[in-house]
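Colleague: Just so it is clear, I am handing over data-v8.cif, which has mmCIF, C-alpha atoms.
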data_target
#
loop_
_atom_site.label_atom_id
_atom_site.label_comp_id
_atom_site.auth_asym_id
_atom_site.auth_seq_id
_atom_site.Cartn_x
_atom_site.Cartn_y
_atom_site.Cartn_z
CA MET J 28 -12.05 -53.27 20.88
CA TYR J 29 -13.47 -50.14 19.37
CA ALA J 30 -15.86 -50.53 16.46
CA ARG J 31 -14.70 -48.95 13.25
CA VAL J 32 -17.11 -46.47 11.69
CA SER J 33 -16.67 -45.31 8.11
CA ALA J 34 -16.29 -41.60 7.41
CA ARG J 35 -19.37 -41.69 5.19
CA ALA J 36 -21.52 -43.25 7.91
CA LEU J 37 -20.25 -40.76 10.47
CA ALA J 38 -21.00 -37.85 8.17
CA ARG J 39 -24.60 -39.05 7.74
CA SER J 40 -25.04 -39.14 11.55
CA ILE J 41 -24.02 -35.51 12.05
CA PRO J 42 -26.77 -32.86 11.94
CA SER J 43 -26.25 -30.64 8.89
CA LYS J 44 -26.15 -27.44 10.97
CA ALA J 45 -23.03 -28.58 12.82
CA ILE J 46 -20.79 -28.08 9.81
CA LYS J 47 -20.91 -24.72 8.08
CA ALA J 48 -18.79 -23.08 5.41
CA THR J 49 -18.93 -19.42 4.43
CA PRO J 50 -16.37 -17.19 2.62
CA ALA J 51 -15.20 -15.85 5.99
CA ARG J 52 -15.57 -19.04 8.07
CA LEU J 53 -14.42 -22.46 6.91
CA THR J 54 -14.85 -25.74 8.83
CA HIS J 55 -13.09 -29.02 8.18
CA SER J 56 -15.26 -31.79 6.75
CA ALA J 57 -16.37 -34.82 8.76
CA LYS J 58 -13.95 -36.89 6.71
CA ALA J 59 -11.04 -34.94 8.20
CA PHE J 60 -12.32 -35.80 11.67
CA SER J 61 -13.41 -39.41 11.09
CA THR J 62 -12.38 -40.42 14.64
CA SER J 63 -13.95 -37.38 16.36
CA ALA J 64 -17.24 -37.31 18.20
CA LEU J 65 -18.86 -34.52 16.17
CA SER J 66 -22.50 -34.98 17.01
CA MET J 67 -23.64 -31.77 18.69
CA ASP J 68 -24.79 -28.48 17.21
CA ALA J 69 -22.57 -25.45 17.96
CA PRO J 70 -23.62 -23.83 21.27
CA LYS J 71 -26.03 -20.98 21.02
CA LYS J 72 -24.72 -17.47 21.59
CA LYS J 73 -26.11 -17.20 25.14
CA GLU J 74 -24.32 -20.41 26.10
CA ARG J 75 -20.94 -19.28 24.83
CA VAL J 76 -18.14 -19.24 27.38
CA LYS J 77 -15.39 -16.64 27.35
CA VAL J 78 -11.81 -17.88 27.27
CA HIS J 79 -9.58 -17.28 30.27
CA PHE J 80 -6.30 -17.02 28.37
CA PRO J 81 -4.66 -13.58 28.84
CA GLY J 82 -3.75 -13.26 25.15
CA ALA J 83 -7.30 -12.88 23.76
CA LEU J 84 -9.80 -12.09 26.51
CA ASP J 85 -12.64 -11.17 24.14
CA SER J 86 -12.71 -14.60 22.51
CA HIS J 87 -15.22 -17.37 23.25
CA PHE J 88 -14.85 -21.14 23.21
CA SER J 89 -16.41 -22.86 20.22
CA GLN J 90 -16.83 -26.37 18.91
CA VAL J 91 -16.61 -25.10 15.35
CA LEU J 92 -13.09 -24.88 13.94
CA GLU J 93 -12.64 -21.51 12.27
CA ILE J 94 -10.12 -20.87 9.52
CA ARG J 95 -10.73 -17.23 8.77
CA GLU J 96 -9.30 -15.73 5.62
CA LYS J 97 -10.80 -12.26 5.66
CA MET J 98 -13.17 -9.91 7.42
CA GLU J 99 -15.93 -7.77 5.96
CA PRO J 100 -14.36 -4.93 3.92
CA ILE J 101 -14.35 -1.55 5.68
CA ASP J 102 -16.53 1.07 3.97
CA THR J 103 -15.08 4.35 2.69
CA PHE J 104 -16.67 7.45 4.22
CA ARG J 105 -17.66 10.13 1.73
CA VAL J 106 -19.44 13.47 2.01
CA MET J 107 -19.36 14.75 -1.60
CA ASP J 108 -19.65 12.94 -4.91
CA THR J 109 -17.15 13.64 -7.70
CA ASP J 110 -19.19 16.70 -8.77
CA GLY J 111 -18.96 18.33 -5.34
CA LYS J 112 -22.56 17.54 -4.37
CA VAL J 113 -23.17 16.64 -0.72
CA LEU J 114 -24.80 13.21 -0.70
CA ASP J 115 -26.46 13.44 2.74
CA ARG J 116 -27.73 16.85 3.79
CA SER J 117 -26.99 16.06 7.44
CA LEU J 118 -23.30 16.02 6.46
CA GLU J 119 -23.36 19.50 4.90
CA PRO J 120 -20.28 21.24 6.34
CA ASP J 121 -21.16 23.91 8.91
CA VAL J 122 -18.33 26.26 8.02
CA THR J 123 -17.85 29.90 7.09
CA GLU J 124 -16.99 31.22 3.66
CA GLU J 125 -13.62 32.41 4.96
CA PHE J 126 -12.76 28.99 6.38
CA ALA J 127 -13.77 27.06 3.24
CA THR J 128 -12.10 29.41 0.77
CA LYS J 129 -8.86 29.37 2.77
CA ILE J 130 -8.65 25.59 2.32
CA TYR J 131 -9.27 25.87 -1.41
CA LYS J 132 -6.88 28.80 -1.84
CA ASP J 133 -4.15 26.79 -0.13
CA MET J 134 -4.86 23.89 -2.48
CA LEU J 135 -4.45 26.24 -5.45
CA THR J 136 -1.29 27.80 -4.03
CA LEU J 137 0.18 24.35 -3.48
CA ASN J 138 -0.45 23.52 -7.15
CA VAL J 139 1.20 26.73 -8.32
CA MET J 140 4.25 26.20 -6.09
CA ASP J 141 4.55 22.56 -7.17
CA LEU J 142 4.55 23.47 -10.85
CA ILE J 143 7.25 26.14 -10.49
CA LEU J 144 9.56 24.11 -8.26
CA TYR J 145 9.15 20.96 -10.34
CA GLU J 146 10.26 22.89 -13.42
CA ALA J 147 13.11 24.47 -11.42
CA GLN J 148 14.44 21.00 -10.62
CA ARG J 149 14.20 20.00 -14.27
CA GLN J 150 16.31 23.06 -15.09
CA GLY J 151 18.92 22.05 -12.52
CA ARG J 152 18.22 24.98 -10.21
CA ILE J 153 17.29 22.78 -7.21
CA SER J 154 18.33 19.18 -6.67
CA PHE J 155 15.04 17.41 -5.92
CA TYR J 156 11.29 17.91 -5.61
CA MET J 157 8.02 16.06 -4.91
CA THR J 158 4.60 17.29 -5.96
CA ASN J 159 1.18 16.82 -4.32
CA ALA J 160 -0.98 16.54 -7.45
CA GLY J 161 -4.10 14.45 -6.92
CA GLU J 162 -3.77 14.39 -3.13
CA GLU J 163 -4.50 18.03 -2.23
CA ALA J 164 -7.60 17.15 -0.20
CA TYR J 165 -5.40 16.13 2.74
CA ILE J 166 -5.32 19.85 3.61
CA GLY J 167 -8.76 19.15 5.08
CA SER J 168 -7.00 17.16 7.81
CA ALA J 169 -4.81 20.13 8.69
CA ALA J 170 -7.93 22.29 9.03
CA ALA J 171 -9.36 19.89 11.64
CA LEU J 172 -6.33 20.04 13.95
CA ASP J 173 -5.41 22.44 16.73
CA PRO J 174 -2.43 24.67 15.81
CA GLU J 175 -0.45 23.16 18.71
CA ASP J 176 -1.04 19.53 17.74
CA GLU J 177 2.32 18.05 16.80
CA ILE J 178 2.77 16.88 13.22
CA PHE J 179 5.13 14.20 11.95
CA GLY J 180 5.09 14.25 8.16
CA GLN J 181 6.50 12.06 5.44
CA TYR J 182 7.28 14.18 2.39
CA ARG J 183 4.01 15.08 0.72
CA GLU J 184 2.59 17.30 3.45
CA ALA J 185 3.62 20.75 2.23
CA GLY J 186 -0.07 21.67 2.16
CA THR J 187 -0.36 21.06 5.91
CA LEU J 188 2.50 23.47 6.55
CA LEU J 189 1.02 25.98 4.12
CA TYR J 190 -2.29 25.86 6.00
CA ARG J 191 -0.49 26.50 9.29
CA GLY J 192 1.27 29.58 7.98
CA PHE J 193 4.62 28.44 6.59
CA THR J 194 5.49 31.25 4.17
CA LEU J 195 6.44 31.01 0.52
CA ASP J 196 9.84 32.47 1.44
CA GLN J 197 10.36 29.66 3.93
CA PHE J 198 9.44 27.02 1.35
CA MET J 199 11.84 28.49 -1.19
CA ASN J 200 14.68 28.98 1.28
CA GLN J 201 14.44 25.33 2.31
CA CYS J 202 14.42 24.04 -1.27
CA TYR J 203 17.46 26.18 -2.07
CA SER J 204 19.24 25.29 1.21
CA ASN J 205 20.34 28.90 1.61
CA ASP J 206 21.40 30.85 4.69
CA MET J 207 17.76 31.61 5.57
CA ASP J 208 16.74 27.96 5.54
CA LEU J 209 15.44 26.96 8.98
CA GLY J 210 17.26 23.64 8.55
CA LYS J 211 20.56 25.41 7.79
CA GLY J 212 20.99 23.63 4.47
CA ARG J 213 21.33 20.17 5.98
CA GLN J 214 18.30 18.56 4.35
CA MET J 215 17.16 17.62 0.87
CA PRO J 216 14.52 19.88 -0.69
CA VAL J 217 10.91 19.33 0.56
CA HIS J 218 12.21 18.04 3.91
CA TYR J 219 10.59 20.90 5.80
CA GLY J 220 10.38 21.52 9.51
CA SER J 221 9.14 24.29 11.80
CA LYS J 222 9.35 24.38 15.57
CA ALA J 223 7.05 27.40 15.67
CA LEU J 224 4.35 25.54 13.71
CA HIS J 225 4.77 22.26 15.62
CA PHE J 226 5.91 20.43 12.49
CA GLN J 227 8.75 17.98 13.08
CA THR J 228 11.48 17.97 10.45
CA ILE J 229 10.88 15.40 7.74
CA SER J 230 13.29 12.46 7.51
CA SER J 231 14.02 10.60 4.27
CA PRO J 232 14.29 7.04 5.68
CA LEU J 233 10.85 5.51 5.25
CA ALA J 234 8.51 5.20 8.26
CA THR J 235 10.90 6.48 10.94
CA GLN J 236 8.35 9.14 11.90
CA LEU J 237 5.76 6.56 12.97
CA PRO J 238 7.33 5.27 16.21
CA GLN J 239 8.55 8.80 16.95
CA ALA J 240 4.94 9.99 16.71
CA SER J 241 3.81 7.32 19.17
CA GLY J 242 6.49 8.39 21.63
CA ALA J 243 5.61 12.07 21.28
CA ALA J 244 1.92 11.27 21.79
CA TYR J 245 2.67 9.32 24.96
CA ALA J 246 4.68 12.30 26.23
CA ILE J 247 1.71 14.60 25.53
CA LYS J 248 -0.55 12.22 27.43
CA ARG J 249 1.76 12.24 30.45
CA SER J 250 2.01 16.04 30.35
CA GLY J 251 -1.77 16.42 30.59
CA LYS J 252 -1.97 18.70 27.53
CA LYS J 253 -5.19 18.64 25.53
CA ASN J 254 -3.41 17.97 22.26
CA CYS J 255 -2.58 15.07 20.02
CA VAL J 256 -0.06 14.00 17.39
CA MET J 257 -0.84 13.70 13.69
CA CYS J 258 1.43 11.32 11.78
CA TYR J 259 1.26 11.19 7.97
CA PHE J 260 2.62 8.31 5.88
CA GLY J 261 1.95 6.42 2.66
CA GLU J 262 0.74 2.87 2.20
CA GLY J 263 4.26 1.85 1.17
CA ALA J 264 5.56 2.88 4.59
CA ALA J 265 3.05 0.47 6.15
CA SER J 266 5.23 -2.37 4.84
CA GLU J 267 8.08 -1.25 7.10
CA GLY J 268 8.64 -2.78 10.53
CA ASP J 269 8.35 0.65 12.14
CA PHE J 270 4.65 0.63 11.22
CA HIS J 271 4.02 -2.38 13.47
CA ALA J 272 6.11 -0.99 16.31
CA ALA J 273 4.35 2.38 16.15
CA LEU J 274 0.75 1.15 16.06
CA ASN J 275 1.33 -1.55 18.64
CA ILE J 276 2.93 0.78 21.21
CA ALA J 277 0.32 3.49 20.55
CA ALA J 278 -2.51 1.01 21.11
CA THR J 279 -1.07 -0.56 24.26
CA THR J 280 -0.23 2.82 25.86
CA SER J 281 -3.44 4.56 24.70
CA ALA J 282 -1.40 7.34 23.14
CA PRO J 283 -3.30 10.29 21.62
CA VAL J 284 -2.05 9.93 18.05
CA ILE J 285 -3.74 9.92 14.65
CA PHE J 286 -2.00 7.83 12.00
CA PHE J 287 -3.02 9.29 8.63
CA CYS J 288 -2.24 6.94 5.74
CA ARG J 289 -2.35 8.49 2.28
CA ASN J 290 -3.07 5.38 0.21
CA ASN J 291 -2.38 6.78 -3.25
CA GLY J 292 -2.06 3.43 -5.02
CA PHE J 293 1.70 3.33 -5.51
CA ALA J 294 4.75 2.83 -3.30
CA ILE J 295 7.00 4.67 -5.76
CA SER J 296 6.51 2.22 -8.68
CA THR J 297 4.98 -0.74 -6.81
CA PRO J 298 1.18 -0.82 -7.17
CA ALA J 299 -0.97 -1.53 -4.13
CA SER J 300 -1.97 -4.90 -5.63
CA GLU J 301 1.65 -6.03 -5.26
CA GLN J 302 2.30 -4.17 -2.01
CA TYR J 303 -0.11 -6.04 0.26
CA LYS J 304 -3.01 -8.46 0.49
CA GLY J 305 -6.09 -8.00 2.61
CA ASP J 306 -8.42 -5.05 2.98
CA GLY J 307 -6.00 -2.16 2.53
CA ILE J 308 -4.24 -0.55 5.48
CA ALA J 309 -7.37 0.20 7.54
CA SER J 310 -7.95 -3.46 8.39
CA ARG J 311 -4.62 -3.51 10.22
CA GLY J 312 -5.80 -0.84 12.63
CA VAL J 313 -8.64 -3.11 13.73
CA GLY J 314 -6.07 -5.86 14.24
CA TYR J 315 -4.20 -3.66 16.69
CA GLY J 316 -7.41 -2.93 18.61
CA MET J 317 -7.39 0.63 17.32
CA HIS J 318 -10.24 2.91 16.24
CA THR J 319 -10.12 2.94 12.46
CA ILE J 320 -11.64 5.08 9.69
CA ARG J 321 -11.44 4.70 5.93
CA VAL J 322 -12.22 7.88 4.04
CA ASP J 323 -12.43 9.17 0.48
CA GLY J 324 -9.09 10.98 0.33
CA ASN J 325 -10.21 13.11 -2.64
CA ASP J 326 -13.10 14.57 -0.65
CA VAL J 327 -11.95 17.55 1.44
CA TRP J 328 -14.99 17.52 3.71
CA ALA J 329 -14.87 13.77 4.31
CA VAL J 330 -11.20 14.10 5.31
CA TYR J 331 -12.03 17.09 7.51
CA LYS J 332 -14.90 15.29 9.27
CA ALA J 333 -12.91 12.08 9.76
CA THR J 334 -10.00 13.99 11.27
CA GLN J 335 -12.33 15.96 13.55
CA GLU J 336 -13.79 12.75 14.96
CA ALA J 337 -10.39 11.10 15.22
CA ARG J 338 -9.03 14.07 17.15
CA LYS J 339 -11.91 13.90 19.63
CA LEU J 340 -11.09 10.25 20.34
CA ALA J 341 -7.37 11.00 20.65
CA VAL J 342 -7.64 14.07 22.88
CA GLU J 343 -10.73 13.35 24.97
CA LYS J 344 -10.35 9.59 25.41
CA HIS J 345 -6.62 9.03 24.76
CA LYS J 346 -7.41 6.63 21.93
CA PRO J 347 -5.07 6.24 18.95
CA VAL J 348 -6.83 6.30 15.57
CA LEU J 349 -5.85 5.06 12.12
CA ILE J 350 -7.25 6.95 9.13
CA GLU J 351 -6.79 5.49 5.67
CA ALA J 352 -7.40 8.17 3.02
CA MET J 353 -8.00 6.54 -0.36
CA THR J 354 -6.61 8.69 -3.15
CA TYR J 355 -4.54 8.55 -6.35
CA ARG J 356 -1.11 10.01 -7.02
CA VAL J 357 -1.44 11.93 -10.27
CA GLY J 358 2.17 13.13 -10.42
CA HIS J 359 5.40 11.15 -10.50
CA HIS J 360 6.66 9.89 -7.14
CA SER J 361 9.40 12.53 -7.30
CA THR J 362 11.69 14.18 -9.83
CA SER J 363 13.75 10.96 -9.67
CA ASP J 364 10.81 8.96 -11.05
CA ASP J 365 9.10 8.52 -14.42
CA SER J 366 5.72 6.97 -13.71
CA SER J 367 5.04 6.32 -17.40
CA ALA J 368 7.32 3.30 -17.00
CA TYR J 369 4.75 1.51 -14.82
CA ARG J 370 1.34 3.05 -15.64
CA SER J 371 -0.29 4.48 -18.72
CA LYS J 372 -0.76 8.18 -19.29
CA LYS J 373 -4.40 7.46 -20.08
CA GLU J 374 -4.90 6.07 -16.57
CA VAL J 375 -3.52 9.27 -15.06
CA GLU J 376 -5.61 11.50 -17.30
CA ASP J 377 -8.75 9.51 -16.47
CA TRP J 378 -8.20 10.10 -12.76
CA LYS J 379 -7.58 13.81 -13.29
CA ARG J 380 -10.78 14.09 -15.32
CA HIS J 381 -13.14 11.87 -13.31
CA ASP J 382 -12.09 12.24 -9.66
CA ASN J 383 -10.17 15.45 -9.11
CA PRO J 384 -10.15 16.78 -5.50
CA MET J 385 -9.63 20.33 -6.79
CA VAL J 386 -12.67 20.15 -9.05
CA ARG J 387 -14.86 18.67 -6.32
CA MET J 388 -14.01 21.40 -3.85
CA ARG J 389 -14.38 24.15 -6.41
CA LYS J 390 -17.83 22.94 -7.48
CA TRP J 391 -18.95 22.80 -3.86
CA LEU J 392 -17.78 26.39 -3.31
CA GLU J 393 -19.50 27.53 -6.49
CA SER J 394 -22.75 25.92 -5.35
CA LYS J 395 -22.56 28.09 -2.23
CA GLY J 396 -21.86 31.22 -4.28
CA TRP J 397 -18.41 31.55 -2.66
CA TRP J 398 -16.26 31.07 -5.77
CA ASP J 399 -16.25 31.74 -9.49
CA GLU J 400 -13.98 31.83 -12.54
CA ALA J 401 -12.84 35.40 -11.88
CA ARG J 402 -11.71 34.58 -8.34
CA GLU J 403 -10.00 31.42 -9.59
CA ASN J 404 -7.95 33.27 -12.19
CA ALA J 405 -7.15 36.17 -9.87
CA HIS J 406 -5.87 33.91 -7.09
CA LYS J 407 -3.77 31.78 -9.43
CA SER J 408 -2.20 34.87 -10.99
CA GLN J 409 -1.54 36.48 -7.61
CA GLN J 410 0.05 33.33 -6.18
CA ARG J 411 2.16 32.70 -9.25
CA THR J 412 3.61 36.19 -8.91
CA ALA J 413 4.21 35.67 -5.19
CA VAL J 414 5.88 32.27 -5.68
CA LEU J 415 8.16 33.56 -8.42
CA LYS J 416 9.16 36.53 -6.26
CA SER J 417 10.10 34.27 -3.33
CA PHE J 418 11.79 31.86 -5.72
CA ALA J 419 14.00 34.57 -7.23
CA ALA J 420 14.95 35.95 -3.82
CA ALA J 421 15.86 32.51 -2.44
CA GLU J 422 17.95 31.67 -5.48
CA LYS J 423 20.11 34.77 -4.98
CA ARG J 424 20.94 34.11 -1.34
CA LYS J 425 24.21 32.54 -0.24
CA LYS J 426 24.59 29.09 1.27
CA PRO J 427 24.81 28.82 5.09
CA ALA J 428 28.17 29.59 6.69
CA VAL J 429 30.60 26.68 6.46
CA SER J 430 30.84 26.47 10.25
CA GLU J 431 27.16 25.48 10.44
CA MET J 432 28.11 21.91 9.59
CA PHE J 433 29.60 21.60 13.08
CA ASN J 434 26.77 23.23 14.99
CA ASP J 435 23.70 21.61 16.54
CA VAL J 436 25.27 18.16 16.81
CA TYR J 437 25.65 18.72 20.53
CA ASP J 438 24.60 21.59 22.79
CA LYS J 439 28.21 22.79 22.75
CA LEU J 440 31.02 21.89 20.38
CA THR J 441 32.96 18.91 21.73
CA PRO J 442 36.80 18.80 21.66
CA ASN J 443 36.90 16.54 18.59
CA LEU J 444 34.49 18.82 16.68
CA LEU J 445 36.56 21.88 17.61
CA GLU J 446 39.63 20.07 16.30
CA GLN J 447 37.88 19.18 13.02
CA LYS J 448 36.61 22.73 12.62
CA LYS J 449 40.11 24.14 13.10
CA GLU J 450 41.56 21.68 10.60
CA LEU J 451 38.97 22.66 7.96
CA GLU J 452 39.62 26.38 8.51
CA GLU J 453 43.34 25.80 7.98
CA LEU J 454 42.72 23.82 4.77
CA ILE J 455 40.43 26.53 3.36
CA LYS J 456 43.02 29.19 4.15
CA LYS J 457 45.89 27.14 2.69
CA TYR J 458 44.11 26.01 -0.50
CA PRO J 459 41.61 28.76 -1.40
CA GLU J 460 41.61 27.69 -5.06
CA HIS J 461 40.18 24.31 -4.04
CA TYR J 462 37.86 25.55 -1.30
CA ASP J 463 35.93 28.48 -2.76
CA THR J 464 33.68 29.87 -0.03
CA SER J 465 32.53 33.00 -1.86
CA ASN J 466 29.03 31.60 -2.24
CA TYR J 467 28.70 30.91 1.48
CA ALA J 468 27.52 33.33 4.14
CA LYS J 469 30.21 34.96 6.24
CA GLU J 470 31.06 33.52 9.62
CA ASN J 471 29.55 35.27 12.62
#
Represent the structure from my file as structure tokens, please.

Modeller:
Amino acid sequence: MYARVSARALARSIPSKAIKATPARLTHSAKAFSTSALSMDAPKKKERVKVHFPGALDSHFSQVLEIREKMEPIDTFRVMDTDGKVLDRSLEPDVTEEFATKIYKDMLTLNVMDLILYEAQRQGRISFYMTNAGEEAYIGSAAALDPEDEIFGQYREAGTLLYRGFTLDQFMNQCYSNDMDLGKGRQMPVHYGSKALHFQTISSPLATQLPQASGAAYAIKRSGKKNCVMCYFGEGAASEGDFHAALNIAATTSAPVIFFCRNNGFAISTPASEQYKGDGIASRGVGYGMHTIRVDGNDVWAVYKATQEARKLAVEKHKPVLIEAMTYRVGHHSTSDDSSAYRSKKEVEDWKRHDNPMVRMRKWLESKGWWDEARENAHKSQQRTAVLKSFAAAEKRKKPAVSEMFNDVYDKLTPNLLEQKKELEELIKKYPEHYDTSNYAKEN
């Protein structure tokens, strides 16, 4: 017969150090283990034995039952405060006036273009638009990349293309889907793409670019090229299954890819507090065994530095990296959205006034003597004129030739496509009053 021992008596016999409880580590009470022989202190660190199971080789055996709820929150890297003052002199950007002012000028140009095209959509002149207000500092990430690094964007990366040399004419032609549009009128506005600038065409379905980026990065690794892939997405996209597939395959294949999450607080109308639990998106990177950085996404130089370091890891060591850029979306999600339905206007105005990436960058430039009010006004005026000129020219151009809807599906038109094309041509010829093609470019 075994003697019965009460839970209370057993608890008194156990050294107090054997049972610990902290916010991150919880242990069951002695009462829960009243028939267990819990009488030894946990082994010291030097005595710990590594597990032999293939699924978690870095783990150690323990006699303390862990129920872990959370890890230590990941800090947010920052270079400048909200007034554009560098907080640690060792982090002062070692850049030229030309380099720094180009970044800021592109931020200003992006604002001017956004304002004009947003109003154009409201007037019914284009069908759709998305602005970048409040998130312009991501241009710092573009400045840290090599021009031949491949980019997979979501739909708020116009500034990255602008930095790489995408012209105002090209922006306008795409938004108008005219015969000069590189996408031949097949995409919604702001779904840009440029083979010459290594920018993959944007796709509307959420998160599809993530696994594609992992595949492209693995291809670059196999080719031996000293480049990487940059993949942009929002925190809402991290709730899609493609996010898991992308980060997992990138980590297990050591693909040279940087996943850049713009965490702007809202997945369209869903606030981050309802989108996920845990320590943001960055904590997930650690879970995949991936190098991870959290950065102040309103600080151009913090974004630039973080991307520089991430690129070194990706290119030199073939290590994927997750960057979470913490920011705030000042504008509506798109022209299909009215954000006043789910947040107050005061909240938006407070963000614009207290933590504006444009203001921070401008104040830093002014402290260097590289910018002033006269240059600000001159550049805004010049770019407004240039945008309006490109806008007017794009609006006057015809739509792509009707036959373009059959091209580029396959290398050569297949028999069924040739048949469909012939049928359409006959219908247009037979019923010209119903198929007006006067606003379309002539067939070659």

Colleague: Let me know the residues the PyMOL selection byres ((chain J and resi 196-204) around 12) catches in the file above, as a PyMOL selection string.

Modeller: chain J and resi 137+140-141+143-145+147-148+151-157+185-186+188-189+192-195+205-221+228-229+413-428+467-468

Colleague: Apply the PyMOL selection byres ((chain J and resi 77) around 7) to the file shown and report the selected residues as a list in words.

Modeller: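 Selected by the PyMOL selection byres ((chain J and resi 77) around 7) here: Arg75, Val76, Val78, His79, Asp85, Ser86, His87 and Phe88 of chain J.
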
Colleague: Put those residues in a file: C-alpha atoms, as a PDB file, in the coordinates of the input.

Modeller:
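Final output, saved to out.pdb:
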ATOM      1  CA  ARG J  75     -20.940 -19.280  24.830  1.00  0.00           C
ATOM      2  CA  VAL J  76     -18.140 -19.240  27.380  1.00  0.00           C
ATOM      3  CA  VAL J  78     -11.810 -17.880  27.270  1.00  0.00           C
ATOM      4  CA  HIS J  79      -9.580 -17.280  30.270  1.00  0.00           C
ATOM      5  CA  ASP J  85     -12.640 -11.170  24.140  1.00  0.00           C
ATOM      6  CA  SER J  86     -12.710 -14.600  22.510  1.00  0.00           C
ATOM      7  CA  HIS J  87     -15.220 -17.370  23.250  1.00  0.00           C
ATOM      8  CA  PHE J  88     -14.850 -21.140  23.210  1.00  0.00           C
TER       9      PHE J  88
END

Colleague: Around segment 113-129 of chain J, with edges along x, y and z and 4 Å added on all six sides, what centre and edge lengths do you get, in Å to one decimal, as lines of an AutoDock Vina configuration file?

Modeller:
center_x = -18.3
center_y = 22.8
center_z = 4.1
size_x = 26.9
size_y = 27.2
size_z = 17.6

Colleague: Taking only C-alpha atoms into account, produce a table as CSV in which each residue of segment 276-382 of chain J with an atom at most 9 Å from an atom of segment 253-269 of chain J appears once, together with its shortest atom pair and the distance in Å to one decimal, ordered by chain and rising number.

Modeller:
residue,atom,partner,partner_atom,distance
J:Ala282,CA,J:Cys255,CA,8.4
J:Pro283,CA,J:Cys255,CA,5.1
J:Val284,CA,J:Val256,CA,4.6
J:Ile285,CA,J:Met257,CA,4.9
J:Phe286,CA,J:Cys258,CA,4.9
J:Phe287,CA,J:Tyr259,CA,4.7
J:Cys288,CA,J:Phe260,CA,5.1
J:Arg289,CA,J:Gly261,CA,4.8
J:Asn290,CA,J:Glu262,CA,5.0
J:Asn291,CA,J:Gly261,CA,7.3
J:Gly292,CA,J:Glu262,CA,7.8
J:Phe293,CA,J:Gly263,CA,7.3
J:Ala294,CA,J:Gly263,CA,4.6
J:Ile295,CA,J:Gly263,CA,8.0
J:Thr297,CA,J:Gly263,CA,8.4
J:Ala299,CA,J:Glu262,CA,7.9
J:Gln302,CA,J:Gly263,CA,7.1
J:Tyr303,CA,J:Ser266,CA,7.9
J:Gly307,CA,J:Glu262,CA,8.4
J:Ile308,CA,J:Glu262,CA,6.9
J:Arg338,CA,J:Cys255,CA,7.1
J:Ala341,CA,J:Cys255,CA,6.3
J:Val342,CA,J:Asn254,CA,5.8
J:Glu343,CA,J:Lys253,CA,7.7
J:His345,CA,J:Cys255,CA,8.7
J:Glu351,CA,J:Glu262,CA,8.7

Colleague: Show me, as a list in words, the residues that have an atom within 12 Å of segment 102-104 of chain J when counting all atoms listed in the file, minus same-chain residues fewer than 6 positions from it.

Modeller: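 In the requested form, the answer reads Leu114, Asp115, Leu118, Asp306, Gly307, Ala309, Ser310, Thr319, Ile320, Arg321, Val322, Asp323, Gly324, Asn325, Asp326, Val327, Trp328, Ala329, Val330, Tyr331, Lys332, Ala333, Thr334, Ile350, Glu351, Ala352, Met353 and Thr354 of chain J.
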
Colleague: Go through J:Leu135, J:Asp399, J:Lys222, J:Gln335 one by one, measure the shortest atom-to-atom distance of each to Ala170 of chain J using all atoms listed in the file, and give the residue with the smallest value.

Modeller: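 Counting all atoms listed in the file, the residue closest to Ala170 of chain J is J:Gln335.
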
Colleague: With only C-alpha atoms as the counted atoms, please give the residues lying no more than 9 Å from His359 of chain J, apart from itself and same-chain residues fewer than 6 positions off, as a PyMOL selection string.

Modeller: chain J and resi 157-158+160+295+365-367

Colleague: Using all atoms listed in the file, which of J:Tyr458, J:Thr235, J:Gln227, J:Gly305 sits nearest Lys97 of chain J?

Modeller: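 Using all atoms listed in the file, the shortest distance to Lys97 of chain J belongs to J:Gly305.
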
Colleague: Smallest atom-to-atom distance to Thr109 of chain J: which of J:Leu92, J:Ala164, J:Val386, J:Leu233, using only C-alpha atoms?

Modeller: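 So, comparing all the options, the nearest one is J:Val386.
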
Colleague: What is the distance between atom CA of Ala171 of chain J and atom CA of Ala127 of chain J, in Å to one decimal?

Modeller: 11.9 Å

Colleague: May I ask for the distance between atom CA of Trp378 of chain J and atom CA of Glu162 of chain J, given in Å to one decimal place?

Modeller: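 Atom-to-atom, atom CA of Trp378 of chain J to atom CA of Glu162 of chain J, that is 11.4 Å.
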
Colleague: Pick out the closest residue to Leu142 of chain J from this set: J:Glu431, J:Leu454, J:Arg411, J:Thr464. Count only C-alpha atoms.

Modeller: J:Arg411

Colleague: Within 12 Å of (0.3, 1.2, 17.6), in the coordinates the file gives, what residues turn up when you count only C-alpha atoms, written out as a PyMOL selection string?

Modeller: chain J and resi 237-242+244-245+258+265+268-286+311-319+346-349

Colleague: Which value, in Å to one decimal, gives the distance between atom CA of Tyr369 of chain J and atom CA of Gln181 of chain J?

Modeller: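 Between atom CA of Tyr369 of chain J and atom CA of Gln181 of chain J the gap works out to 22.9 Å.
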
Colleague: Hey, which of J:Asp377, J:Asp382, J:Glu336, J:Glu450 ends up closest to Asp108 of chain J? Count all atoms listed in the file.

Modeller: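 The shortest atom-to-atom distance to Asp108 of chain J comes from J:Asp382.
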
Colleague: Could you check which of J:Glu146, J:Asp176, J:Glu393, J:Glu452 is closest to Tyr131 of chain J, using all atoms listed in the file?

Modeller: J:Glu393

Colleague: List the spatial neighbours of Trp391 of chain J as a list in words - criterion: any atom at most 9 Å away, only C-alpha atoms, same-chain residues fewer than 4 positions off excluded.

Modeller: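 What passes the distance filter is Met107, Asp110, Gly111, Lys112, Val113, Val386, Arg387, Lys395, Gly396, Trp397 and Trp398 of chain J.
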